[in-house]
file protein14.cif (mmCIF, C-alpha atoms; chains and numbers go by the auth columns)
data_target
#
loop_
_atom_site.group_PDB
_atom_site.id
_atom_site.type_symbol
_atom_site.label_atom_id
_atom_site.label_comp_id
_atom_site.label_asym_id
_atom_site.label_seq_id
_atom_site.Cartn_x
_atom_site.Cartn_y
_atom_site.Cartn_z
_atom_site.B_iso_or_equiv
_atom_site.auth_seq_id
_atom_site.auth_asym_id
ATOM 1 C CA VAL A 1 0.000 0.000 0.000 0.00 12 A
ATOM 2 C CA ILE A 2 2.822 2.381 0.890 0.00 13 A
ATOM 3 C CA LEU A 3 4.650 1.664 -2.381 0.00 14 A
ATOM 4 C CA SER A 4 1.442 2.266 -4.301 0.00 15 A
ATOM 5 C CA GLU A 5 0.733 5.543 -2.548 0.00 16 A
ATOM 6 C CA ILE A 6 4.304 6.806 -2.999 0.00 17 A
ATOM 7 C CA SER A 7 4.188 5.930 -6.693 0.00 18 A
ATOM 8 C CA ILE A 8 0.826 7.621 -7.215 0.00 19 A
ATOM 9 C CA VAL A 9 1.938 10.755 -5.347 0.00 20 A
ATOM 10 C CA TRP A 10 5.128 10.861 -7.450 0.00 21 A
ATOM 11 C CA ALA A 11 3.189 10.440 -10.726 0.00 22 A
ATOM 12 C CA PHE A 12 0.666 13.067 -9.634 0.00 23 A
ATOM 13 C CA SER A 13 3.379 15.553 -8.664 0.00 24 A
ATOM 14 C CA LYS A 14 5.138 15.043 -12.032 0.00 25 A
ATOM 15 C CA ASP A 15 1.803 15.262 -13.890 0.00 26 A
ATOM 16 C CA VAL A 16 2.399 11.921 -15.642 0.00 27 A
ATOM 17 C CA ILE A 17 -0.714 9.977 -14.575 0.00 28 A
ATOM 18 C CA VAL A 18 -2.323 10.487 -17.971 0.00 29 A
ATOM 19 C CA SER A 19 0.859 10.711 -20.056 0.00 30 A
ATOM 20 C CA TYR A 20 -0.315 7.844 -22.238 0.00 31 A
ATOM 21 C CA GLY A 21 -3.040 8.860 -24.660 0.00 32 A
ATOM 22 C CA ASP A 22 -4.733 5.574 -23.859 0.00 33 A
ATOM 23 C CA ALA A 23 -4.886 6.507 -20.169 0.00 34 A
ATOM 24 C CA GLU A 24 -6.973 9.556 -20.954 0.00 35 A
ATOM 25 C CA SER A 25 -9.163 7.493 -23.279 0.00 36 A
ATOM 26 C CA HIS A 26 -9.833 4.917 -20.554 0.00 37 A
ATOM 27 C CA LEU A 27 -10.936 7.678 -18.191 0.00 38 A
ATOM 28 C CA ASP A 28 -13.150 9.251 -20.834 0.00 39 A
ATOM 29 C CA ILE A 29 -14.821 5.959 -21.735 0.00 40 A
ATOM 30 C CA ALA A 30 -15.634 5.321 -18.099 0.00 41 A
ATOM 31 C CA LYS A 31 -16.850 8.902 -17.632 0.00 42 A
ATOM 32 C CA ARG A 32 -19.244 8.596 -20.592 0.00 43 A
ATOM 33 C CA VAL A 33 -20.988 5.726 -18.794 0.00 44 A
ATOM 34 C CA VAL A 34 -22.231 8.153 -16.117 0.00 45 A
ATOM 35 C CA HIS A 35 -22.027 11.534 -17.803 0.00 46 A
ATOM 36 C CA GLY A 36 -22.457 12.647 -21.395 0.00 47 A
ATOM 37 C CA LEU A 37 -25.015 13.162 -24.126 0.00 48 A
ATOM 38 C CA THR A 38 -26.091 9.505 -24.008 0.00 49 A
ATOM 39 C CA PRO A 39 -24.802 7.987 -20.753 0.00 50 A
ATOM 40 C CA GLY A 40 -25.123 4.270 -20.184 0.00 51 A
ATOM 41 C CA PHE A 41 -23.426 0.938 -20.646 0.00 52 A
ATOM 42 C CA ALA A 42 -23.543 1.292 -24.439 0.00 53 A
ATOM 43 C CA GLN A 43 -20.601 3.691 -24.034 0.00 54 A
ATOM 44 C CA LEU A 44 -18.390 0.725 -23.117 0.00 55 A
ATOM 45 C CA GLY A 45 -18.290 -0.603 -26.668 0.00 56 A
ATOM 46 C CA GLY A 46 -15.247 -0.108 -28.815 0.00 57 A
ATOM 47 C CA ILE A 47 -11.715 -1.341 -28.933 0.00 58 A
ATOM 48 C CA TRP A 48 -11.072 -1.908 -25.210 0.00 59 A
ATOM 49 C CA LEU A 49 -12.739 -4.447 -22.996 0.00 60 A
ATOM 50 C CA PRO A 50 -15.178 -3.078 -20.406 0.00 61 A
ATOM 51 C CA LEU A 51 -14.199 -4.281 -16.920 0.00 62 A
ATOM 52 C CA PRO A 52 -11.430 -1.760 -16.084 0.00 63 A
ATOM 53 C CA HIS A 53 -13.748 1.056 -17.184 0.00 64 A
ATOM 54 C CA LEU A 54 -16.588 -0.282 -15.051 0.00 65 A
ATOM 55 C CA LEU A 55 -14.261 -0.439 -12.049 0.00 66 A
ATOM 56 C CA MET A 56 -13.448 3.264 -12.525 0.00 67 A
ATOM 57 C CA VAL A 57 -17.079 4.398 -12.759 0.00 68 A
ATOM 58 C CA PRO A 58 -17.748 4.864 -9.001 0.00 69 A
ATOM 59 C CA PHE A 59 -14.697 7.106 -8.684 0.00 70 A
ATOM 60 C CA LEU A 60 -15.651 9.171 -11.713 0.00 71 A
ATOM 61 C CA LEU A 61 -18.674 10.463 -9.880 0.00 72 A
ATOM 62 C CA PHE A 62 -16.122 12.845 -8.335 0.00 73 A
ATOM 63 C CA ASP A 63 -15.120 15.173 -11.151 0.00 74 A
ATOM 64 C CA GLN A 64 -11.695 15.982 -9.674 0.00 75 A
ATOM 65 C CA LEU A 65 -10.715 12.290 -9.732 0.00 76 A
ATOM 66 C CA TRP A 66 -11.557 12.189 -13.442 0.00 77 A
ATOM 67 C CA ARG A 67 -9.732 15.424 -14.277 0.00 78 A
ATOM 68 C CA THR A 68 -6.541 14.367 -12.483 0.00 79 A
ATOM 69 C CA GLY A 69 -6.651 10.726 -13.551 0.00 80 A
ATOM 70 C CA LEU A 70 -6.703 9.603 -9.932 0.00 81 A
ATOM 71 C CA ALA A 71 -9.886 7.597 -10.541 0.00 82 A
ATOM 72 C CA GLY A 72 -7.812 5.229 -12.654 0.00 83 A
ATOM 73 C CA SER A 73 -4.937 5.334 -10.169 0.00 84 A
ATOM 74 C CA ILE A 74 -7.262 4.084 -7.439 0.00 85 A
ATOM 75 C CA VAL A 75 -8.294 1.097 -9.561 0.00 86 A
ATOM 76 C CA SER A 76 -4.771 0.297 -10.758 0.00 87 A
ATOM 77 C CA GLY A 77 -3.264 0.889 -7.308 0.00 88 A
ATOM 78 C CA THR A 78 -5.763 -1.458 -5.687 0.00 89 A
ATOM 79 C CA ALA A 79 -5.007 -4.072 -8.353 0.00 90 A
ATOM 80 C CA PHE A 80 -1.274 -3.609 -7.649 0.00 91 A
ATOM 81 C CA VAL A 81 -1.684 -4.176 -3.911 0.00 92 A
ATOM 82 C CA LEU A 82 -3.869 -7.249 -4.436 0.00 93 A
ATOM 83 C CA SER A 83 -1.481 -8.586 -7.102 0.00 94 A
ATOM 84 C CA SER A 84 1.499 -8.183 -4.780 0.00 95 A
ATOM 85 C CA ILE A 85 -0.269 -10.117 -2.028 0.00 96 A
ATOM 86 C CA THR A 86 -1.388 -12.813 -4.464 0.00 97 A
ATOM 87 C CA ILE A 87 2.157 -13.242 -5.809 0.00 98 A
ATOM 88 C CA TYR A 88 3.340 -13.826 -2.254 0.00 99 A
ATOM 89 C CA LYS A 89 0.528 -16.320 -1.575 0.00 100 A
ATOM 90 C CA LEU A 90 0.974 -18.125 -4.906 0.00 101 A
ATOM 91 C CA THR A 91 4.713 -18.483 -4.408 0.00 102 A
ATOM 92 C CA GLU A 92 4.150 -19.762 -0.887 0.00 103 A
ATOM 93 C CA LEU A 93 1.549 -22.235 -2.164 0.00 104 A
ATOM 94 C CA LEU A 94 3.980 -23.558 -4.767 0.00 105 A
ATOM 95 C CA THR A 95 7.225 -23.525 -2.777 0.00 106 A
ATOM 96 C CA LYS A 96 6.238 -23.574 0.916 0.00 107 A
ATOM 97 C CA ASN A 97 9.166 -21.171 1.291 0.00 108 A
ATOM 98 C CA LYS A 98 8.581 -17.785 2.950 0.00 109 A
ATOM 99 C CA PHE A 99 11.904 -16.383 1.724 0.00 110 A
ATOM 100 C CA ALA A 100 11.045 -17.234 -1.896 0.00 111 A
ATOM 101 C CA SER A 101 7.593 -15.716 -1.366 0.00 112 A
ATOM 102 C CA VAL A 102 9.044 -12.468 -0.044 0.00 113 A
ATOM 103 C CA MET A 103 11.533 -12.330 -2.923 0.00 114 A
ATOM 104 C CA ALA A 104 8.756 -12.877 -5.494 0.00 115 A
ATOM 105 C CA PHE A 105 6.722 -10.144 -3.824 0.00 116 A
ATOM 106 C CA LEU A 106 9.680 -7.738 -3.867 0.00 117 A
ATOM 107 C CA LEU A 107 10.571 -8.487 -7.497 0.00 118 A
ATOM 108 C CA PHE A 108 7.074 -7.527 -8.531 0.00 119 A
ATOM 109 C CA ALA A 109 6.359 -4.701 -6.078 0.00 120 A
ATOM 110 C CA LEU A 110 9.663 -2.892 -6.633 0.00 121 A
ATOM 111 C CA ASN A 111 9.605 -3.088 -10.426 0.00 122 A
ATOM 112 C CA PRO A 112 9.692 0.545 -11.651 0.00 123 A
ATOM 113 C CA ASN A 113 7.525 -0.244 -14.680 0.00 124 A
ATOM 114 C CA VAL A 114 4.863 -1.875 -12.526 0.00 125 A
ATOM 115 C CA LEU A 115 5.018 0.982 -10.021 0.00 126 A
ATOM 116 C CA TYR A 116 4.448 3.522 -12.771 0.00 127 A
ATOM 117 C CA MET A 117 1.678 1.561 -14.506 0.00 128 A
ATOM 118 C CA GLN A 118 -0.179 1.099 -11.223 0.00 129 A
ATOM 119 C CA ALA A 119 -0.324 4.887 -10.901 0.00 130 A
ATOM 120 C CA THR A 120 -2.073 5.251 -14.263 0.00 131 A
ATOM 121 C CA PRO A 121 -5.596 4.504 -15.527 0.00 132 A
ATOM 122 C CA MET A 122 -4.331 1.759 -17.820 0.00 133 A
ATOM 123 C CA THR A 123 -5.724 -1.791 -18.015 0.00 134 A
ATOM 124 C CA GLU A 124 -2.498 -3.716 -17.328 0.00 135 A
ATOM 125 C CA LEU A 125 -2.803 -3.925 -13.545 0.00 136 A
ATOM 126 C CA PRO A 126 -6.419 -5.104 -13.487 0.00 137 A
ATOM 127 C CA LEU A 127 -5.415 -7.816 -15.981 0.00 138 A
ATOM 128 C CA ILE A 128 -2.428 -8.822 -13.849 0.00 139 A
ATOM 129 C CA ALA A 129 -4.579 -8.950 -10.712 0.00 140 A
ATOM 130 C CA PHE A 130 -7.354 -11.042 -12.247 0.00 141 A
ATOM 131 C CA SER A 131 -4.836 -13.351 -13.950 0.00 142 A
ATOM 132 C CA LEU A 132 -3.002 -13.891 -10.676 0.00 143 A
ATOM 133 C CA PHE A 133 -6.247 -14.554 -8.782 0.00 144 A
ATOM 134 C CA SER A 134 -7.259 -17.070 -11.435 0.00 145 A
ATOM 135 C CA THR A 135 -3.839 -18.733 -11.396 0.00 146 A
ATOM 136 C CA TYR A 136 -3.757 -18.909 -7.597 0.00 147 A
ATOM 137 C CA PHE A 137 -7.137 -20.634 -7.382 0.00 148 A
ATOM 138 C CA PHE A 138 -6.339 -22.858 -10.366 0.00 149 A
ATOM 139 C CA VAL A 139 -3.145 -24.076 -8.684 0.00 150 A
ATOM 140 C CA LYS A 140 -5.128 -24.698 -5.478 0.00 151 A
ATOM 141 C CA TYR A 141 -7.558 -26.780 -7.528 0.00 152 A
ATOM 142 C CA LEU A 142 -4.728 -28.726 -9.190 0.00 153 A
ATOM 143 C CA LYS A 143 -3.245 -29.523 -5.784 0.00 154 A
ATOM 144 C CA GLU A 144 -6.616 -30.771 -4.511 0.00 155 A
ATOM 145 C CA GLU A 145 -8.820 -31.855 -7.415 0.00 156 A
ATOM 146 C CA THR A 146 -11.913 -32.124 -5.246 0.00 157 A
ATOM 147 C CA ASP A 147 -11.682 -28.415 -4.379 0.00 158 A
ATOM 148 C CA TYR A 148 -14.349 -27.345 -6.844 0.00 159 A
ATOM 149 C CA LEU A 149 -14.779 -23.954 -5.166 0.00 160 A
ATOM 150 C CA SER A 150 -11.205 -23.101 -6.180 0.00 161 A
ATOM 151 C CA LEU A 151 -11.960 -24.194 -9.749 0.00 162 A
ATOM 152 C CA ILE A 152 -15.075 -22.008 -9.797 0.00 163 A
ATOM 153 C CA LEU A 153 -13.097 -19.042 -8.427 0.00 164 A
ATOM 154 C CA ALA A 154 -10.340 -19.646 -10.990 0.00 165 A
ATOM 155 C CA ALA A 155 -12.969 -19.603 -13.741 0.00 166 A
ATOM 156 C CA PHE A 156 -14.613 -16.454 -12.361 0.00 167 A
ATOM 157 C CA PHE A 157 -11.346 -14.529 -12.130 0.00 168 A
ATOM 158 C CA GLY A 158 -10.300 -15.870 -15.534 0.00 169 A
ATOM 159 C CA PHE A 159 -13.578 -14.484 -16.860 0.00 170 A
ATOM 160 C CA CYS A 160 -12.717 -11.119 -15.262 0.00 171 A
ATOM 161 C CA ALA A 161 -9.289 -11.259 -16.932 0.00 172 A
ATOM 162 C CA THR A 162 -10.935 -11.829 -20.320 0.00 173 A
ATOM 163 C CA LEU A 163 -13.047 -8.732 -19.733 0.00 174 A
ATOM 164 C CA SER A 164 -9.958 -6.668 -18.828 0.00 175 A
ATOM 165 C CA ARG A 165 -7.587 -7.250 -21.752 0.00 176 A
ATOM 166 C CA TYR A 166 -7.407 -9.648 -24.660 0.00 177 A
ATOM 167 C CA ASP A 167 -4.272 -11.214 -23.138 0.00 178 A
ATOM 168 C CA GLY A 168 -6.551 -12.784 -20.512 0.00 179 A
ATOM 169 C CA TRP A 169 -8.151 -14.989 -23.135 0.00 180 A
ATOM 170 C CA PHE A 170 -4.976 -17.063 -23.408 0.00 181 A
ATOM 171 C CA LEU A 171 -4.961 -17.766 -19.686 0.00 182 A
ATOM 172 C CA VAL A 172 -8.491 -19.131 -19.792 0.00 183 A
ATOM 173 C CA GLY A 173 -7.694 -21.229 -22.846 0.00 184 A
ATOM 174 C CA ILE A 174 -4.634 -22.738 -21.172 0.00 185 A
ATOM 175 C CA GLU A 175 -6.495 -23.449 -17.939 0.00 186 A
ATOM 176 C CA ALA A 176 -9.391 -25.036 -19.864 0.00 187 A
ATOM 177 C CA GLY A 177 -6.922 -27.171 -21.820 0.00 188 A
ATOM 178 C CA ILE A 178 -5.322 -28.410 -18.599 0.00 189 A
ATOM 179 C CA VAL A 179 -8.710 -29.292 -17.099 0.00 190 A
ATOM 180 C CA CYS A 180 -9.728 -31.148 -20.277 0.00 191 A
ATOM 181 C CA ALA A 181 -6.420 -33.046 -20.326 0.00 192 A
ATOM 182 C CA GLN A 182 -6.958 -34.386 -16.803 0.00 193 A
#
call {"tool": "encode", "arguments": {"input": "protein14.cif", "output": "structure tokens"}}
result
Amino acid sequence: VILSEISIVWAFSKDVIVSYGDAESHLDIAKRVVHGLTPGFAQLGGIWLPLPHLLMVPFLLFDQLWRTGLAGSIVSGTAFVLSSITIYKLTELLTKNKFASVMAFLLFALNPNVLYMQATPMTELPLIAFSLFSTYFFVKYLKEETDYLSLILAAFFGFCATLSRYDGWFLVGIEAGIVCAQ
């Protein structure tokens, strides 16, 4: 949380939260869902998948969060924090080694590219978070094949990943292939 907040404050102070043209577009798409000539869910159509925009909508009710880009930073920052925790838990699940888990957490959480992207309204961090959630629960299912709740959660978070970025579709395809091969 502290790393996320420091990164967001730095990006805000340097006025680089919406440096990417896509970042501004993501904010505008989400804003059109609640405010515009024809507000509504039909505004979500287009080139990008809808889930990251839907996650921003509650924060866009505050105009200042939209203008500064902080609405997207809240979503991406939350995804960063949850991703960091999930990386720790996934590594611990796979290795049973706390040192390896801490190292995996640090490698992700201290990556300058990840720290910057989590301060922006881009779709990368929601995809990473949902992919990690799906992977974590899928690995839990593979370790205990009668744990159908984990399989259902893996499928749900995989579904969320497919609604975040097109990259998520590959994850679901791979997981489905593994289940079919069992």
call {"tool": "axis_aligned_box", "arguments": {"input": "protein14.cif", "around": "region 34-49 of chain A", "padding_each_side": "6 Å", "output": "JSON"}}
result
{"center_x": -15.5, "center_y": 9.0, "center_z": -20.1, "size_x": 33.2, "size_y": 20.2, "size_z": 20.0}
call {"tool": "residues_near_point", "arguments": {"input": "protein14.cif", "point": "(-12.8, -16.6, -11.7)", "cutoff": "12 Å", "atoms": "only C-alpha atoms", "output": "MDAnalysis selection string"}}
result
chainID A and resid 140:149 159:174 179 182:183 186
call {"tool": "write_last_selection", "arguments": {"input": "protein14.cif", "atoms": "C-alpha atoms", "output": "CSV table (one decimal), in the coordinates of the input"}}
result
chain,number,residue,atom,x,y,z
A,140,ALA,CA,-4.6,-9.0,-10.7
A,141,PHE,CA,-7.4,-11.0,-12.2
A,142,SER,CA,-4.8,-13.4,-14.0
A,143,LEU,CA,-3.0,-13.9,-10.7
A,144,PHE,CA,-6.2,-14.6,-8.8
A,145,SER,CA,-7.3,-17.1,-11.4
A,146,THR,CA,-3.8,-18.7,-11.4
A,147,TYR,CA,-3.8,-18.9,-7.6
A,148,PHE,CA,-7.1,-20.6,-7.4
A,149,PHE,CA,-6.3,-22.9,-10.4
A,159,TYR,CA,-14.3,-27.3,-6.8
A,160,LEU,CA,-14.8,-24.0,-5.2
A,161,SER,CA,-11.2,-23.1,-6.2
A,162,LEU,CA,-12.0,-24.2,-9.7
A,163,ILE,CA,-15.1,-22.0,-9.8
A,164,LEU,CA,-13.1,-19.0,-8.4
A,165,ALA,CA,-10.3,-19.6,-11.0
A,166,ALA,CA,-13.0,-19.6,-13.7
A,167,PHE,CA,-14.6,-16.5,-12.4
A,168,PHE,CA,-11.3,-14.5,-12.1
A,169,GLY,CA,-10.3,-15.9,-15.5
A,170,PHE,CA,-13.6,-14.5,-16.9
A,171,CYS,CA,-12.7,-11.1,-15.3
A,172,ALA,CA,-9.3,-11.3,-16.9
A,173,THR,CA,-10.9,-11.8,-20.3
A,174,LEU,CA,-13.0,-8.7,-19.7
A,179,GLY,CA,-6.6,-12.8,-20.5
A,182,LEU,CA,-5.0,-17.8,-19.7
A,183,VAL,CA,-8.5,-19.1,-19.8
A,186,GLU,CA,-6.5,-23.4,-17.9
call {"tool": "atom_distance", "arguments": {"input": "protein14.cif", "atom1": "CA of Leu93 (chain A)", "atom2": "CA of Ala120 (chain A)"}}
result
10.7 Å
call {"tool": "residues_around", "arguments": {"input": "protein14.cif", "residues": "Trp21 (chain A)", "least_positions_apart": "5", "cutoff": "12 Å", "atoms": "all atoms listed in the file", "output": "ChimeraX atom specification"}}
result
/A:14-16,26-28,84,126-127,129-131
call {"tool": "closest_residue", "arguments": {"input": "protein14.cif", "among": "A:Thr79, A:Gly57, A:Asp158, A:Lys151", "to": "Lys25 (chain A)", "atoms": "all atoms listed in the file"}}
result
A:Thr79
call {"tool": "closest_residue", "arguments": {"input": "protein14.cif", "among": "A:Val92, A:Val29, A:Leu62, A:Leu153", "to": "Leu117 (chain A)", "atoms": "only C-alpha atoms"}}
result
A:Val92
call {"tool": "atom_distance", "arguments": {"input": "protein14.cif", "atom1": "CA of Leu136 (chain A)", "atom2": "CA of Gly188 (chain A)"}}
result
25.0 Å
call {"tool": "atom_distance", "arguments": {"input": "protein14.cif", "atom1": "CA of Leu60 (chain A)", "atom2": "CA of Ser175 (chain A)"}}
result
5.5 Å
call {"tool": "closest_residue", "arguments": {"input": "protein14.cif", "among": "A:Ile98, A:Val86, A:Ala192, A:Leu121", "to": "Ile17 (chain A)", "atoms": "all atoms listed in the file"}}
result
A:Leu121
call {"tool": "closest_residue", "arguments": {"input": "protein14.cif", "among": "A:His64, A:Thr97, A:Met128, A:Ile40", "to": "Val113 (chain A)", "atoms": "only C-alpha atoms"}}
result
A:Thr97
call {"tool": "closest_residue", "arguments": {"input": "protein14.cif", "among": "A:Leu105, A:Leu71, A:Ala34, A:Ile185", "to": "His46 (chain A)", "atoms": "all atoms listed in the file"}}
result
A:Leu71
call {"tool": "resolve_selection", "arguments": {"input": "protein14.cif", "expression": "the PyMOL selection byres ((chain A and resi 83) around 12)", "output": "ChimeraX atom specification"}}
result
/A:19,23,28-29,33-42,63-71,75-82,84-90,128-137
call {"tool": "write_last_selection", "arguments": {"input": "protein14.cif", "atoms": "C-alpha atoms", "output": "compact mmCIF listing (two decimals), keeping the file's coordinate frame"}}
result
# COMPACT_ATOMS: atom_id res chain seq x y z
CA ILE A 19 0.83 7.62 -7.22
CA PHE A 23 0.67 13.07 -9.63
CA ILE A 28 -0.71 9.98 -14.58
CA VAL A 29 -2.32 10.49 -17.97
CA ASP A 33 -4.73 5.57 -23.86
CA ALA A 34 -4.89 6.51 -20.17
CA GLU A 35 -6.97 9.56 -20.95
CA SER A 36 -9.16 7.49 -23.28
CA HIS A 37 -9.83 4.92 -20.55
CA LEU A 38 -10.94 7.68 -18.19
CA ASP A 39 -13.15 9.25 -20.83
CA ILE A 40 -14.82 5.96 -21.74
CA ALA A 41 -15.63 5.32 -18.10
CA LYS A 42 -16.85 8.90 -17.63
CA PRO A 63 -11.43 -1.76 -16.08
CA HIS A 64 -13.75 1.06 -17.18
CA LEU A 65 -16.59 -0.28 -15.05
CA LEU A 66 -14.26 -0.44 -12.05
CA MET A 67 -13.45 3.26 -12.52
CA VAL A 68 -17.08 4.40 -12.76
CA PRO A 69 -17.75 4.86 -9.00
CA PHE A 70 -14.70 7.11 -8.68
CA LEU A 71 -15.65 9.17 -11.71
CA GLN A 75 -11.70 15.98 -9.67
CA LEU A 76 -10.72 12.29 -9.73
CA TRP A 77 -11.56 12.19 -13.44
CA ARG A 78 -9.73 15.42 -14.28
CA THR A 79 -6.54 14.37 -12.48
CA GLY A 80 -6.65 10.73 -13.55
CA LEU A 81 -6.70 9.60 -9.93
CA ALA A 82 -9.89 7.60 -10.54
CA SER A 84 -4.94 5.33 -10.17
CA ILE A 85 -7.26 4.08 -7.44
CA VAL A 86 -8.29 1.10 -9.56
CA SER A 87 -4.77 0.30 -10.76
CA GLY A 88 -3.26 0.89 -7.31
CA THR A 89 -5.76 -1.46 -5.69
CA ALA A 90 -5.01 -4.07 -8.35
CA MET A 128 1.68 1.56 -14.51
CA GLN A 129 -0.18 1.10 -11.22
CA ALA A 130 -0.32 4.89 -10.90
CA THR A 131 -2.07 5.25 -14.26
CA PRO A 132 -5.60 4.50 -15.53
CA MET A 133 -4.33 1.76 -17.82
CA THR A 134 -5.72 -1.79 -18.02
CA GLU A 135 -2.50 -3.72 -17.33
CA LEU A 136 -2.80 -3.92 -13.54
CA PRO A 137 -6.42 -5.10 -13.49
call {"tool": "residues_around", "arguments": {"input": "protein14.cif", "residues": "Gln54 (chain A)", "least_positions_apart": "2", "cutoff": "9 Å", "atoms": "all atoms listed in the file", "output": "list in words"}}
result
Ile40, Ala41, Arg43, Val44, Thr49, Pro50, Gly51, Phe52, Gly56 and Gly57 of chain A
call {"tool": "residues_around", "arguments": {"input": "protein14.cif", "residues": "Met114 (chain A)", "least_positions_apart": "5", "cutoff": "9 Å", "atoms": "all atoms listed in the file", "output": "VMD selection string"}}
result
chain A and resid 99 109 119
call {"tool": "closest_residue", "arguments": {"input": "protein14.cif", "among": "A:Glu103, A:Glu156, A:Asp74, A:Asp178", "to": "Gln193 (chain A)", "atoms": "all atoms listed in the file"}}
result
A:Glu156
